[in-house]
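Asker: See run-v5.cif below, with mmCIF, C-alpha atoms.
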data_model
loop_
_atom_site.label_atom_id
_atom_site.label_comp_id
_atom_site.auth_asym_id
_atom_site.auth_seq_id
_atom_site.Cartn_x
_atom_site.Cartn_y
_atom_site.Cartn_z
CA MET D 214 0.00 0.00 0.00
CA ASN D 215 1.55 3.31 -0.93
CA PHE D 216 1.68 6.39 1.26
CA GLU D 217 -1.25 8.30 -0.23
CA LEU D 218 -3.43 5.22 -0.21
CA MET D 219 -2.62 4.74 3.47
CA PHE D 220 -3.97 8.17 4.38
CA LEU D 221 -7.01 7.69 2.16
CA SER D 222 -7.71 4.38 3.92
CA ARG D 223 -7.43 5.91 7.36
CA ASP D 224 -9.75 8.68 6.28
CA LEU D 225 -12.27 6.14 4.97
CA VAL D 226 -12.21 4.18 8.23
CA LEU D 227 -12.64 7.26 10.37
CA ARG D 228 -15.42 8.63 8.19
CA PHE D 229 -17.42 5.65 7.08
CA GLY D 230 -16.39 2.85 9.44
CA ALA D 231 -14.62 -0.46 9.17
CA GLY D 232 -17.40 -2.25 7.30
CA PHE D 233 -17.27 0.27 4.48
CA TYR D 234 -13.49 0.10 4.49
CA ALA D 235 -13.58 -3.71 4.13
CA ALA D 236 -15.99 -3.41 1.21
CA TRP D 237 -13.86 -0.70 -0.33
CA LEU D 238 -10.71 -2.82 0.00
CA THR D 239 -12.43 -5.76 -1.68
CA HIS D 240 -13.47 -3.37 -4.41
CA MET D 241 -9.90 -2.17 -4.78
CA ASN D 242 -8.60 -5.77 -4.84
CA GLU D 243 -6.24 -4.76 -2.06
CA PRO D 244 -5.25 -7.64 0.23
CA ILE D 245 -6.68 -7.00 3.66
CA SER D 246 -3.75 -8.67 5.42
CA GLY D 247 -1.46 -5.67 5.80
CA VAL D 248 -3.01 -2.98 7.95
CA SER D 249 -6.32 -3.01 9.87
CA PRO D 250 -8.61 -0.04 10.69
CA TYR D 251 -6.93 0.31 14.09
CA GLY D 252 -3.52 0.03 12.43
CA LEU D 253 -4.50 2.85 10.09
CA ALA D 254 -5.84 4.96 12.95
CA ILE D 255 -2.44 4.87 14.66
CA GLY D 256 -0.77 5.55 11.30
CA MET D 257 0.86 2.16 10.81
CA SER D 258 2.04 1.07 7.37
CA VAL D 259 3.80 -2.02 6.01
CA GLN D 260 7.37 -1.15 5.02
CA ASP D 261 8.96 -4.33 3.85
CA THR D 262 8.17 -8.01 3.42
CA THR D 263 10.64 -10.85 2.92
CA ASP D 264 9.78 -14.58 3.31
CA SER D 265 8.29 -14.88 6.78
CA LYS D 266 9.62 -11.52 7.97
CA LEU D 267 7.68 -8.29 7.87
CA THR D 268 8.42 -4.73 8.92
CA VAL D 269 5.86 -2.08 9.80
CA LYS D 270 6.39 1.59 10.60
CA VAL D 271 4.50 3.81 13.06
CA PRO D 272 5.39 7.48 12.52
CA TYR D 273 5.58 9.57 15.70
CA ALA D 274 2.32 11.46 16.23
CA ALA D 275 0.91 13.68 18.98
CA HIS D 276 -2.19 11.53 19.55
CA LEU D 277 -0.01 8.50 20.39
CA VAL D 278 1.72 10.14 23.36
CA GLY D 279 1.31 8.22 26.63
CA ASP D 280 3.36 10.43 28.92
CA PRO D 281 2.62 14.14 28.44
CA ASP D 282 5.65 15.04 30.60
CA SER D 283 8.18 13.37 28.32
CA GLY D 284 6.34 13.05 24.99
CA VAL D 285 7.08 9.32 24.89
CA ILE D 286 4.47 7.30 22.96
CA HIS D 287 2.20 4.97 24.95
CA GLY D 288 3.14 1.33 25.52
CA GLY D 289 -0.19 0.43 23.97
CA VAL D 290 0.97 1.81 20.62
CA ILE D 291 3.99 -0.48 20.75
CA THR D 292 1.72 -3.37 21.78
CA ALA D 293 -0.54 -2.68 18.79
CA ALA D 294 2.39 -2.46 16.38
CA LEU D 295 3.98 -5.68 17.70
CA ASP D 296 0.63 -7.50 17.58
CA ASN D 297 -0.20 -6.28 14.07
CA ALA D 298 3.27 -7.01 12.67
CA SER D 299 3.28 -10.47 14.30
CA GLY D 300 -0.10 -11.39 12.80
CA SER D 301 0.93 -10.09 9.40
CA ALA D 302 4.21 -12.06 9.55
CA VAL D 303 2.15 -15.27 9.74
CA ARG D 304 0.23 -14.19 6.66
CA VAL D 305 3.33 -13.65 4.53
CA SER D 306 4.74 -17.14 5.17
CA GLU D 307 4.89 -19.05 1.90
CA ASP D 308 2.18 -21.68 2.51
CA TRP D 309 -0.38 -19.14 3.69
CA HIS D 310 -3.60 -19.02 1.68
CA ASP D 311 -6.34 -16.41 1.91
CA GLY D 312 -9.06 -18.80 3.09
CA LEU D 313 -7.03 -19.40 6.24
CA SER D 314 -7.88 -17.37 9.32
CA MET D 315 -6.30 -16.98 12.72
CA ALA D 316 -6.63 -15.49 16.19
CA THR D 317 -4.02 -14.21 18.66
CA LEU D 318 -3.73 -16.57 21.65
CA ASP D 319 -1.20 -14.57 23.63
CA ILE D 320 1.60 -12.07 23.37
CA ARG D 321 4.32 -11.32 25.89
CA ILE D 322 6.10 -8.01 25.57
CA ASP D 323 9.30 -6.81 27.25
CA TYR D 324 9.89 -3.06 27.21
CA MET D 325 13.65 -2.43 27.16
CA LYS D 326 13.75 1.35 26.94
CA PRO D 327 11.31 4.18 26.34
CA ALA D 328 10.67 5.02 22.70
CA THR D 329 12.43 8.24 21.67
CA PRO D 330 9.99 11.15 21.18
CA HIS D 331 9.60 12.52 17.62
CA VAL D 332 11.25 9.46 16.06
CA ASP D 333 9.38 6.87 13.96
CA LEU D 334 8.98 3.38 15.39
CA LEU D 335 9.79 0.28 13.33
CA VAL D 336 8.67 -3.25 14.13
CA THR D 337 10.07 -6.34 12.46
CA ALA D 338 8.28 -9.64 13.06
CA GLU D 339 9.25 -13.16 12.08
CA CYS D 340 7.12 -16.28 12.09
CA TYR D 341 9.77 -18.85 13.03
CA LYS D 342 7.55 -21.89 13.39
CA ARG D 343 4.16 -22.88 12.09
CA THR D 344 2.31 -26.09 12.83
CA LYS D 345 -1.11 -27.07 11.52
CA THR D 346 -2.82 -25.29 14.41
CA ILE D 347 -0.33 -22.84 15.95
CA ALA D 348 2.03 -20.15 14.63
CA PHE D 349 4.94 -18.87 16.76
CA VAL D 350 6.14 -15.34 16.10
CA ARG D 351 8.84 -13.12 17.59
CA ALA D 352 9.02 -9.41 16.97
CA VAL D 353 11.22 -6.48 17.86
CA ALA D 354 10.34 -2.77 18.04
CA TYR D 355 13.20 -0.31 17.44
CA HIS D 356 14.23 3.03 15.96
CA GLU D 357 17.58 2.56 14.22
CA SER D 358 18.61 -1.03 14.59
CA GLU D 359 17.06 -4.29 15.77
CA ASP D 360 20.14 -4.66 17.99
CA ASP D 361 19.00 -1.71 20.10
CA PRO D 362 15.38 -2.65 20.81
CA VAL D 363 12.66 -0.51 22.38
CA ALA D 364 10.64 -3.68 23.01
CA THR D 365 10.58 -7.34 22.04
CA SER D 366 7.69 -9.80 21.96
CA VAL D 367 6.79 -13.43 21.48
CA ALA D 368 3.29 -14.34 20.38
CA THR D 369 1.31 -17.43 19.46
CA PHE D 370 -1.58 -17.54 17.02
CA MET D 371 -4.22 -20.20 16.55
CA MET D 372 -4.81 -21.08 12.92
CA GLY D 373 -8.07 -22.03 11.24
CA THR D 374 -10.46 -20.09 13.45
CA PRO D 375 -13.77 -19.31 11.75
CA ASN D 376 -13.71 -15.97 9.97
CA GLN D 377 -17.36 -15.21 9.32
CA PRO D 378 -19.50 -12.37 10.56
CA ARG D 379 -20.99 -13.15 13.97
CA PRO D 380 -24.61 -12.62 14.99
CA MET I 70 4.74 20.92 35.32
CA GLN I 71 4.55 17.19 35.76
CA ILE I 72 1.01 15.95 35.37
CA LEU I 73 0.76 13.83 38.54
CA LYS I 74 2.24 16.61 40.66
CA GLN I 75 -0.15 19.11 39.12
CA LEU I 76 -3.20 16.95 39.88
CA ARG I 77 -1.93 16.36 43.41
CA GLU I 78 -1.57 20.08 44.01
CA GLU I 79 -5.08 20.61 42.68
CA GLY I 80 -6.30 18.00 45.20
CA ARG I 81 -7.31 15.66 42.37
CA ALA I 82 -4.77 12.88 42.99
CA GLU I 83 -7.59 10.31 42.93
CA ASP I 84 -9.38 11.80 39.93
CA MET I 85 -8.35 9.21 37.35
CA GLN I 86 -10.58 10.73 34.66
CA ALA I 87 -8.64 14.01 34.95
CA LEU I 88 -5.42 12.05 34.50
CA LEU I 89 -6.75 10.19 31.43
CA ASP I 90 -7.80 13.54 29.94
CA HIS I 91 -4.14 14.57 30.06
CA ILE I 92 -2.86 11.45 28.27
CA PRO I 93 -3.24 12.02 24.51
CA TYR I 94 -3.31 8.31 23.66
CA ALA I 95 -6.02 7.58 26.28
CA LYS I 96 -8.09 10.43 24.83
CA PHE I 97 -7.56 9.12 21.32
CA MET I 98 -8.80 5.68 22.44
CA GLY I 99 -11.73 7.32 24.27
CA VAL I 100 -11.03 5.54 27.58
CA GLN I 101 -13.15 6.65 30.56
CA VAL I 102 -13.15 5.83 34.27
CA ASP I 103 -16.04 4.95 36.56
CA ARG I 104 -15.36 5.05 40.28
CA LYS I 105 -17.57 3.63 43.00
CA GLY I 106 -15.88 4.12 46.39
CA ASN I 107 -12.46 2.55 46.10
CA GLU I 108 -13.45 0.46 43.09
CA VAL I 109 -12.22 1.64 39.71
CA THR I 110 -13.63 0.42 36.40
CA THR I 111 -12.27 1.57 33.07
CA ILE I 112 -14.56 1.88 30.07
CA LEU I 113 -13.64 1.63 26.40
CA PRO I 114 -16.63 2.81 24.33
CA PHE I 115 -16.82 1.13 20.93
CA ASN I 116 -15.49 3.06 17.98
CA GLU I 117 -15.08 1.82 14.38
CA MET I 118 -11.38 2.67 14.39
CA LEU I 119 -10.77 0.03 17.12
CA ILE I 120 -11.51 -2.74 14.61
CA GLY I 121 -8.70 -5.14 13.79
CA ASN I 122 -10.68 -7.70 11.80
CA PRO I 123 -13.45 -6.10 9.72
CA THR I 124 -14.92 -9.48 8.66
CA LEU I 125 -15.90 -10.74 12.12
CA PRO I 126 -15.83 -7.83 13.16
CA ALA I 127 -13.43 -7.89 16.12
CA ILE I 128 -11.54 -5.28 18.12
CA HIS I 129 -7.80 -5.11 17.35
CA GLY I 130 -5.54 -7.10 19.67
CA GLY I 131 -3.35 -4.04 20.03
CA ALA I 132 -6.29 -1.90 21.15
CA ILE I 133 -7.16 -4.61 23.68
CA GLY I 134 -3.53 -4.68 24.88
CA ALA I 135 -3.47 -0.90 25.20
CA PHE I 136 -6.74 -0.91 27.16
CA LEU I 137 -5.40 -3.60 29.55
CA GLU I 138 -2.25 -1.54 30.07
CA LEU I 139 -4.21 1.66 30.75
CA THR I 140 -6.48 -0.25 33.16
CA SER I 141 -3.43 -1.58 35.05
CA VAL I 142 -1.75 1.82 35.27
CA ILE I 143 -4.97 3.57 36.41
CA GLN I 144 -5.44 1.07 39.25
CA LEU I 145 -1.78 1.39 40.20
CA LEU I 146 -1.93 5.20 40.33
CA PHE I 147 -5.21 5.04 42.26
CA ASN I 148 -3.51 2.86 44.91
CA THR I 149 -0.13 4.64 45.03
CA GLN I 150 0.89 8.23 44.63
CA CYS I 151 3.74 8.43 42.13
CA GLU I 152 6.09 11.15 40.98
CA ARG I 153 5.94 10.08 37.34
CA LEU I 154 3.71 7.75 35.33
CA PRO I 155 4.68 4.09 35.88
CA LYS I 156 6.86 2.54 33.18
CA THR I 157 5.83 -0.82 31.81
CA VAL I 158 8.63 -3.39 32.20
CA ASP I 159 6.77 -6.33 30.70
CA VAL I 160 3.23 -7.40 30.01
CA SER I 161 1.78 -10.75 29.05
CA ILE I 162 -1.63 -10.78 27.40
CA ASP I 163 -3.99 -13.73 26.99
CA TYR I 164 -6.70 -13.29 24.38
CA LEU I 165 -9.68 -15.32 25.56
CA ARG I 166 -12.53 -14.32 23.27
CA SER I 167 -12.82 -12.03 20.26
CA GLY I 168 -13.71 -8.46 21.19
CA ARG I 169 -17.09 -7.72 19.68
CA PRO I 170 -17.97 -4.18 18.48
CA VAL I 171 -19.55 -3.11 21.79
CA GLU I 172 -18.48 -1.30 24.96
CA THR I 173 -15.65 -2.96 26.93
CA PHE I 174 -14.95 -2.69 30.67
CA GLY I 175 -11.76 -3.27 32.62
CA ARG I 176 -10.61 -3.90 36.18
CA ALA I 177 -7.17 -4.46 37.60
CA VAL I 178 -5.73 -5.80 40.84
CA VAL I 179 -2.29 -4.89 42.15
CA THR I 180 -1.15 -8.37 43.15
CA ARG I 181 2.17 -7.41 44.67
CA GLN I 182 3.65 -4.03 45.23
CA GLY I 183 7.25 -3.49 46.14
CA ARG I 184 9.01 -0.17 46.51
CA ARG I 185 10.14 0.02 42.92
CA VAL I 186 8.17 -2.60 41.02
CA ALA I 187 4.49 -3.56 41.06
CA ASN I 188 2.86 -6.68 39.67
CA VAL I 189 -0.60 -5.98 38.26
CA ARG I 190 -3.28 -8.28 36.84
CA ALA I 191 -6.05 -6.93 34.66
CA GLU I 192 -9.16 -8.37 33.05
CA ILE I 193 -11.53 -6.86 30.51
CA TRP I 194 -15.04 -7.97 29.65
CA GLN I 195 -18.03 -6.90 27.57
CA ASP I 196 -21.60 -8.02 28.36
CA GLU I 197 -20.75 -10.56 31.02
CA PHE I 198 -18.24 -9.95 33.80
CA ASN I 199 -17.72 -13.73 34.08
CA LYS I 200 -16.71 -13.99 30.43
CA PRO I 201 -13.52 -11.92 30.11
CA ILE I 202 -12.35 -11.28 26.55
CA ALA I 203 -8.71 -10.79 27.60
CA ALA I 204 -6.49 -10.85 30.67
CA SER I 205 -3.01 -9.54 31.35
CA HIS I 206 -0.34 -9.48 33.99
CA GLY I 207 2.52 -7.08 33.93
CA HIS I 208 5.32 -5.45 35.87
CA PHE I 209 5.57 -1.69 36.23
CA LEU I 210 8.42 0.51 37.45
CA LEU I 211 7.32 3.00 40.10
CA THR I 212 8.59 6.35 41.32
CA PRO I 213 6.78 6.75 44.66
CA VAL I 214 6.35 10.27 46.03
#
Translate this structure into structure tokens?
Answerer:
Amino acid sequence: MNFELMFLSRDLVLRFGAGFYAAWLTHMNEPISGVSPYGLAIGMSVQDTTDSKLTVKVPYAAHLVGDPDSGVIHGGVITAALDNASGSAVRVSEDWHDGLSMATLDIRIDYMKPATPHVDLLVTAECYKRTKTIAFVRAVAYHESEDDPVATSVATFMMGTPNQPRP
Amino acid sequence: MQILKQLREEGRAEDMQALLDHIPYAKFMGVQVDRKGNEVTTILPFNEMLIGNPTLPAIHGGAIGAFLELTSVIQLLFNTQCERLPKTVDVSIDYLRSGRPVETFGRAVVTRQGRRVANVRAEIWQDEFNKPIAASHGHFLLTPV
């Protein structure tokens, strides 16, 4: 998804809701895997995809601040980015097919240092093991290099959960 | 001025809604607080932007994680006066049910509080208190007054 499209999508979600956005995406033949309405609302975009690795970016923004004294973004933003990148990393693995669906079972996050204010956040996630029912994903949130992490996470996903509208 | 100190000086140290109103991300999420005596419940009104899976539809796991974290920190600050906002050291989240597009509520319990680190458990639910949609436990770094 390119940059302009990303902002258009966020605008569509905020204005017309997620249902409309889903319909619009189908119309646009855009795969829904990358970024969700919530991902768009926090400004997240997919940067790079290779094999079972995926990188997303969350640009620094005023509405994401969790500590007004320091300007550091909220831990929840990092949680959302790690969760979203981890889920998407499962979807880019080579034997993934679109009929497949999944749900997050759990995620454990370690916060190593506060995110730096006014600097974009990157998250790289890797699905390092997939069985028939479970996918195991690790992810790291950072600014410059994965070797100097803001946070790291491990998550498990259950595969093959029903993905139909619920009553 | 530091936000917690400012609220303390205004005599609103226990006014968690005033604190949330000063946290841009909490305002963006629309999180509110309901207090009955010493019991604090957080509320996350439904909003289309919280959706993570438009097909189901279900609330985004990250939004759920953020709400659990806010719920934990609110309970912690309600129990203990701090100099600065607690820093999350780690958090482990179990997703128990998909978050439907309705209002979500949260409660947290400070399981163990040391001088520098607190251990907090949180649970969030929708229609039924006995059917939590997610639970978390985390450690938070404190700066007591």
Asker: Extract, using all atoms listed in the file, all DNA, RNA and protein residues at most 7 Å from D:Ser249, discarding same-chain residues fewer than 3 positions from it, and format them as a PyMOL selection string.
Answerer: (chain D and resi 252-253) or (chain I and resi 121-122)
Asker: Would you mind listing what lies within 12 Å of I:Lys96 as a list in words, with all atoms listed in the file counted and same-chain residues fewer than 3 positions away left out?
Answerer: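 These residues fall inside the cut-off: Ala275, His276, Leu277, Val278, Gly279, Pro281 and His287 of chain D; Gln86, Ala87, Leu88, Leu89, Asp90, His91, Ile92, Pro93, Gly99, Val100, Gln101, Val102, Ile112, Leu113, Pro114, Phe136 and Leu139 of chain I.
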Asker: Residues picked by the PyMOL selection byres ((chain I) within 7 of (chain D)) here, as a PyMOL selection string?
Answerer: chain I and resi 71-72+91-94+97+117-126+129-132+134-135+138+154+157-164
Asker: I need the output of the PyMOL selection byres ((chain I and resi 177) around 12) for this file as a count of residues only; which residues are they?
Answerer: 35
Asker: Using all atoms listed in the file, which residues sit within 12 Å of D:Glu339 once same-chain residues fewer than 2 positions away are excluded, as a ChimeraX atom specification?
Answerer: /D:262-269,295-306,336-337,341-343,348-353,365-369
Asker: For atom CA of D:Met315 and atom CA of D:Ile347, quote the distance in Å rounded to one decimal.
Answerer: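 One can read the atom CA of D:Met315 to atom CA of D:Ile347 distance as 9.0 Å.
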Asker: Excluding I:Phe115 and any residue of its chain fewer than 4 positions from it, enumerate the residues within 7 Å of it, using only C-alpha atoms, and give them as a list of chain:residue names.
Answerer: I:Pro170, I:Val171, I:Glu172
Asker: Kindly give the distance, in Å, that separates atom CA of I:Arg104 and atom CA of I:Arg81, rounded to a single decimal.
Answerer: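 Separating atom CA of I:Arg104 from atom CA of I:Arg81 is a distance of 13.5 Å.
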Asker: In Å, how far is it from atom CA of I:Gly80 to atom CA of I:Arg185?
Answerer: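 Distance between the two atoms: 24.5 Å.
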Asker: Please write the residues picked by the PyMOL selection byres ((chain D and resi 272) around 8) on this file as JSON, numbers by chain.
Answerer: {"D": [256, 257, 270, 271, 273, 274, 332, 333, 334]}
Asker: Pull C-alpha atoms from the residues just selected and write them as a tab-separated table (two decimals), in the frame of the given file.
Answerer:
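Result written to selection-v2.tsv:
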chain	number	residue	atom	x	y	z
D	256	GLY	CA	-0.77	5.55	11.30
D	257	MET	CA	0.86	2.16	10.81
D	270	LYS	CA	6.39	1.59	10.60
D	271	VAL	CA	4.50	3.81	13.06
D	273	TYR	CA	5.58	9.57	15.70
D	274	ALA	CA	2.32	11.46	16.23
D	332	VAL	CA	11.25	9.46	16.06
D	333	ASP	CA	9.38	6.87	13.96
D	334	LEU	CA	8.98	3.38	15.39
Asker: Could you check the closest approach to I:Met98 for each of I:Asn116, I:Thr173, I:Gln150, I:Thr212 and tell me which residue wins, using only C-alpha atoms?
Answerer: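 Using only C-alpha atoms, the shortest distance to I:Met98 belongs to I:Asn116.
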Asker: Rank D:Met371, D:Ala328, D:Leu313, D:Ala338 by their smallest atom-to-atom distance to I:Lys156, using only C-alpha atoms, and report the top residue only.
Answerer: D:Ala328
Asker: Using the incomplete input, complete stretch 343-368 of chain D to the level of N, CA and C atoms; output as a PDB file, in the coordinates of the input.
Answerer:
ATOM      1  N   ARG D 343       5.596 -22.749  12.268  1.00  0.00           N
ATOM      2  CA  ARG D 343       4.160 -22.880  12.090  1.00  0.00           C
ATOM      3  C   ARG D 343       3.782 -24.347  12.049  1.00  0.00           C
ATOM      4  N   THR D 344       2.860 -24.741  12.903  1.00  0.00           N
ATOM      5  CA  THR D 344       2.310 -26.090  12.830  1.00  0.00           C
ATOM      6  C   THR D 344       0.931 -25.984  12.196  1.00  0.00           C
ATOM      7  N   LYS D 345       0.211 -27.097  12.137  1.00  0.00           N
ATOM      8  CA  LYS D 345      -1.110 -27.070  11.520  1.00  0.00           C
ATOM      9  C   LYS D 345      -2.042 -26.114  12.273  1.00  0.00           C
ATOM     10  N   THR D 346      -1.876 -26.063  13.596  1.00  0.00           N
ATOM     11  CA  THR D 346      -2.820 -25.290  14.410  1.00  0.00           C
ATOM     12  C   THR D 346      -2.245 -24.017  15.016  1.00  0.00           C
ATOM     13  N   ILE D 347      -0.928 -23.973  15.224  1.00  0.00           N
ATOM     14  CA  ILE D 347      -0.330 -22.840  15.950  1.00  0.00           C
ATOM     15  C   ILE D 347       0.808 -22.204  15.157  1.00  0.00           C
ATOM     16  N   ALA D 348       0.892 -20.869  15.209  1.00  0.00           N
ATOM     17  CA  ALA D 348       2.030 -20.150  14.630  1.00  0.00           C
ATOM     18  C   ALA D 348       2.772 -19.434  15.765  1.00  0.00           C
ATOM     19  N   PHE D 349       4.104 -19.503  15.743  1.00  0.00           N
ATOM     20  CA  PHE D 349       4.940 -18.870  16.760  1.00  0.00           C
ATOM     21  C   PHE D 349       5.685 -17.702  16.121  1.00  0.00           C
ATOM     22  N   VAL D 350       5.575 -16.535  16.719  1.00  0.00           N
ATOM     23  CA  VAL D 350       6.140 -15.340  16.100  1.00  0.00           C
ATOM     24  C   VAL D 350       6.947 -14.535  17.132  1.00  0.00           C
ATOM     25  N   ARG D 351       8.130 -14.077  16.724  1.00  0.00           N
ATOM     26  CA  ARG D 351       8.840 -13.120  17.590  1.00  0.00           C
ATOM     27  C   ARG D 351       8.939 -11.803  16.825  1.00  0.00           C
ATOM     28  N   ALA D 352       8.969 -10.729  17.596  1.00  0.00           N
ATOM     29  CA  ALA D 352       9.020  -9.410  16.970  1.00  0.00           C
ATOM     30  C   ALA D 352       9.859  -8.462  17.810  1.00  0.00           C
ATOM     31  N   VAL D 353      10.420  -7.471  17.147  1.00  0.00           N
ATOM     32  CA  VAL D 353      11.220  -6.480  17.860  1.00  0.00           C
ATOM     33  C   VAL D 353      10.831  -5.078  17.383  1.00  0.00           C
ATOM     34  N   ALA D 354      10.657  -4.170  18.338  1.00  0.00           N
ATOM     35  CA  ALA D 354      10.340  -2.770  18.040  1.00  0.00           C
ATOM     36  C   ALA D 354      11.600  -1.948  18.279  1.00  0.00           C
ATOM     37  N   TYR D 355      11.936  -1.052  17.346  1.00  0.00           N
ATOM     38  CA  TYR D 355      13.200  -0.310  17.440  1.00  0.00           C
ATOM     39  C   TYR D 355      13.115   0.981  16.621  1.00  0.00           C
ATOM     40  N   HIS D 356      14.150   1.814  16.777  1.00  0.00           N
ATOM     41  CA  HIS D 356      14.230   3.030  15.960  1.00  0.00           C
ATOM     42  C   HIS D 356      15.232   2.856  14.828  1.00  0.00           C
ATOM     43  N   GLU D 357      16.510   2.610  15.206  1.00  0.00           N
ATOM     44  CA  GLU D 357      17.580   2.560  14.220  1.00  0.00           C
ATOM     45  C   GLU D 357      17.909   1.118  13.829  1.00  0.00           C
ATOM     46  N   SER D 358      18.142   0.318  14.854  1.00  0.00           N
ATOM     47  CA  SER D 358      18.610  -1.030  14.590  1.00  0.00           C
ATOM     48  C   SER D 358      17.910  -2.031  15.506  1.00  0.00           C
ATOM     49  N   GLU D 359      17.677  -3.228  14.982  1.00  0.00           N
ATOM     50  CA  GLU D 359      17.060  -4.290  15.770  1.00  0.00           C
ATOM     51  C   GLU D 359      17.930  -4.669  16.973  1.00  0.00           C
ATOM     52  N   ASP D 360      19.217  -4.320  16.903  1.00  0.00           N
ATOM     53  CA  ASP D 360      20.140  -4.660  17.990  1.00  0.00           C
ATOM     54  C   ASP D 360      19.974  -3.733  19.199  1.00  0.00           C
ATOM     55  N   ASP D 361      19.228  -2.649  19.005  1.00  0.00           N
ATOM     56  CA  ASP D 361      19.000  -1.710  20.100  1.00  0.00           C
ATOM     57  C   ASP D 361      17.487  -1.557  20.291  1.00  0.00           C
ATOM     58  N   PRO D 362      16.846  -2.614  20.819  1.00  0.00           N
ATOM     59  CA  PRO D 362      15.380  -2.650  20.810  1.00  0.00           C
ATOM     60  C   PRO D 362      14.710  -1.736  21.836  1.00  0.00           C
ATOM     61  N   VAL D 363      13.555  -1.207  21.446  1.00  0.00           N
ATOM     62  CA  VAL D 363      12.660  -0.510  22.380  1.00  0.00           C
ATOM     63  C   VAL D 363      11.852  -1.575  23.129  1.00  0.00           C
ATOM     64  N   ALA D 364      11.412  -2.592  22.408  1.00  0.00           N
ATOM     65  CA  ALA D 364      10.640  -3.680  23.010  1.00  0.00           C
ATOM     66  C   ALA D 364      10.770  -4.935  22.153  1.00  0.00           C
ATOM     67  N   THR D 365      10.618  -6.089  22.792  1.00  0.00           N
ATOM     68  CA  THR D 365      10.580  -7.340  22.040  1.00  0.00           C
ATOM     69  C   THR D 365       9.334  -8.117  22.468  1.00  0.00           C
ATOM     70  N   SER D 366       8.879  -9.018  21.600  1.00  0.00           N
ATOM     71  CA  SER D 366       7.690  -9.800  21.960  1.00  0.00           C
ATOM     72  C   SER D 366       7.762 -11.197  21.388  1.00  0.00           C
ATOM     73  N   VAL D 367       7.074 -12.111  22.047  1.00  0.00           N
ATOM     74  CA  VAL D 367       6.790 -13.430  21.480  1.00  0.00           C
ATOM     75  C   VAL D 367       5.282 -13.626  21.528  1.00  0.00           C
ATOM     76  N   ALA D 368       4.741 -14.170  20.452  1.00  0.00           N
ATOM     77  CA  ALA D 368       3.290 -14.340  20.380  1.00  0.00           C
ATOM     78  C   ALA D 368       2.966 -15.692  19.770  1.00  0.00           C
TER      79      ALA D 368
END
